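For reference, the structure is listed below as structure tokens.
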Amino acid sequence: MKDDYSGAHLLIAFLAGAAAGAAVALLSSPKTGSENRDSIAGWAKGAQGKAGKVPGAIRNASRDAAKAATEAFTKTLKDETAQAPSEEEVEVG
């Protein structure tokens, strides 16, 4: 039987496992509830700051990838054009 699991399924399973592990860690933590809440708030603020940088990073990466793809295509096209036989070399017949 063929596996019908994709990368998305694996990612969801990983995130669910991480969330379950985090919940167990918080429930069995020796810290008080207010200390745990403060820790979570600090983590959330750090994550929020990092998440704010994601759109710009994606924009820069996609721009760089598009530029690299254009350059590679242009180089390949020039190489293929240089290797193509001229009209005199092509036999018509």
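Chain labels follow the order of the structure tokens: the first chain is A, the next B, and so on; residue numbering restarts at 1 in every chain, and ligands are counted from 1 in their shown order.
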
So which residues of chain A fall under helix (DSSP H, G or I) by DSSP, listed as a PyMOL selection string? chain A and resi 7-27+33-83

Region 6-22 of chain A surroundings by only C-alpha atoms, 12 Å radius, close-in-sequence under 6 positions cut, as a compact mmCIF listing (two decimals) with C-alpha atoms, in the first residue's frame:
# COMPACT_ATOMS: atom_id res chain seq x y z
CA SER A 28 5.68 19.28 35.68
CA SER A 29 7.82 22.39 36.09
CA ASN A 36 5.76 30.10 33.97
CA ILE A 40 6.00 32.25 28.20

Tell me, in Å to one decimal, how far CA of Leu27 (chain A) is from CA of Ala41 (chain A).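 Pair CA of Leu27 (chain A) / CA of Ala41 (chain A) returns 16.4 Å.
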
Mind pulling up the distance from CA of Asp64 (chain A) to CA of Ala47 (chain A)? 25.3 Å

Distance CA of Ala57 (chain A)-CA of Ala72 (chain A), one decimal place?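 Here the two named atoms are 22.2 Å from each other.
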
Applying 10 Å and only C-alpha atoms, which residues near Arg37 (chain A) remain after dropping the ones on its own chain fewer than 6 positions away? List them as a PyMOL selection string. chain A and resi 26+31+43
